[in-house]
Amino acid sequence: MDNLPTLSIQHQKLTVTDEISLREATSYLSQLNSNLDQITAHKEAKTKPINEALRKIRADYKPLEEQLTSAIIETKQSILQYTTEQAKIALQREQKILNDKRTNAETKIQQLANLEQPTTSKVSTEQGNISFVTVKKYSIDEKISPDHARALLKLNILELNTTNLKAYIKTTGKVPEGIIEIEEQSLRNYR
């Protein structure tokens, strides 16, 4: 490191045993703290301009990052809305085939096999790909009673610590009463 300040005191181990050594230790401590103040001021003189430049660079990029983040969110929502709608349409077609009383089981199986399935797992392009995943989210049921809420608090479930909650569900095989499990479609983009 260049141009570091030189310290005027070498480290020495002091043992305070009387009033004289107490005064010496006090003087030594003051000198050490003075040296630390000098080093801190020297460091701040070097890092302050760097931190200011970093702050300005981040401020310059922030509007672009916010625009891109907003566009990413809107695009993901559009993709999920489309795929969800296509899945509903496919399900309706399947139900229509299954509920058709005029066709036999063999014809129904053939018709179901011929149905075009919507994209629900992965889409790939030259720029990248997306994969669809189901994400489980948890929330507290608004209808639970105060007593039930207190009981959940005793189990530390109301904190909705997802890791603990998932461990509880995995161990017991059930979602605790008063907690709502919601499955949502999400997507991941790989580029």
# chains A, B, ... in the order shown; residues from 1 in each chain; ligands from 1
>>> residues_around(residues="Leu32 of chain A", least_positions_apart="3", cutoff="12 Å", atoms="only C-alpha atoms", output="VMD selection string")
chain A and resid 7 to 12 25 to 29 35 to 39
>>> residues_around(residues="segment 132-136 of chain A", least_positions_apart="6", cutoff="7 Å", atoms="only C-alpha atoms", output="PyMOL selection string")
chain A and resi 120-122+181-188
>>> residues_around(residues="Gln110 of chain A", least_positions_apart="4", cutoff="12 Å", atoms="only C-alpha atoms", output="count of residues only")
9
>>> atom_distance(atom1="atom CA of His42 of chain A", atom2="atom CA of Arg58 of chain A")
25.0 Å
>>> closest_residue(among="A:Glu74, A:Glu177, A:Asp18, A:Glu126", to="Tyr138 of chain A", atoms="only C-alpha atoms")
A:Glu177
>>> atom_distance(atom1="atom CA of Asn129 of chain A", atom2="atom CA of Asn189 of chain A")
5.8 Å
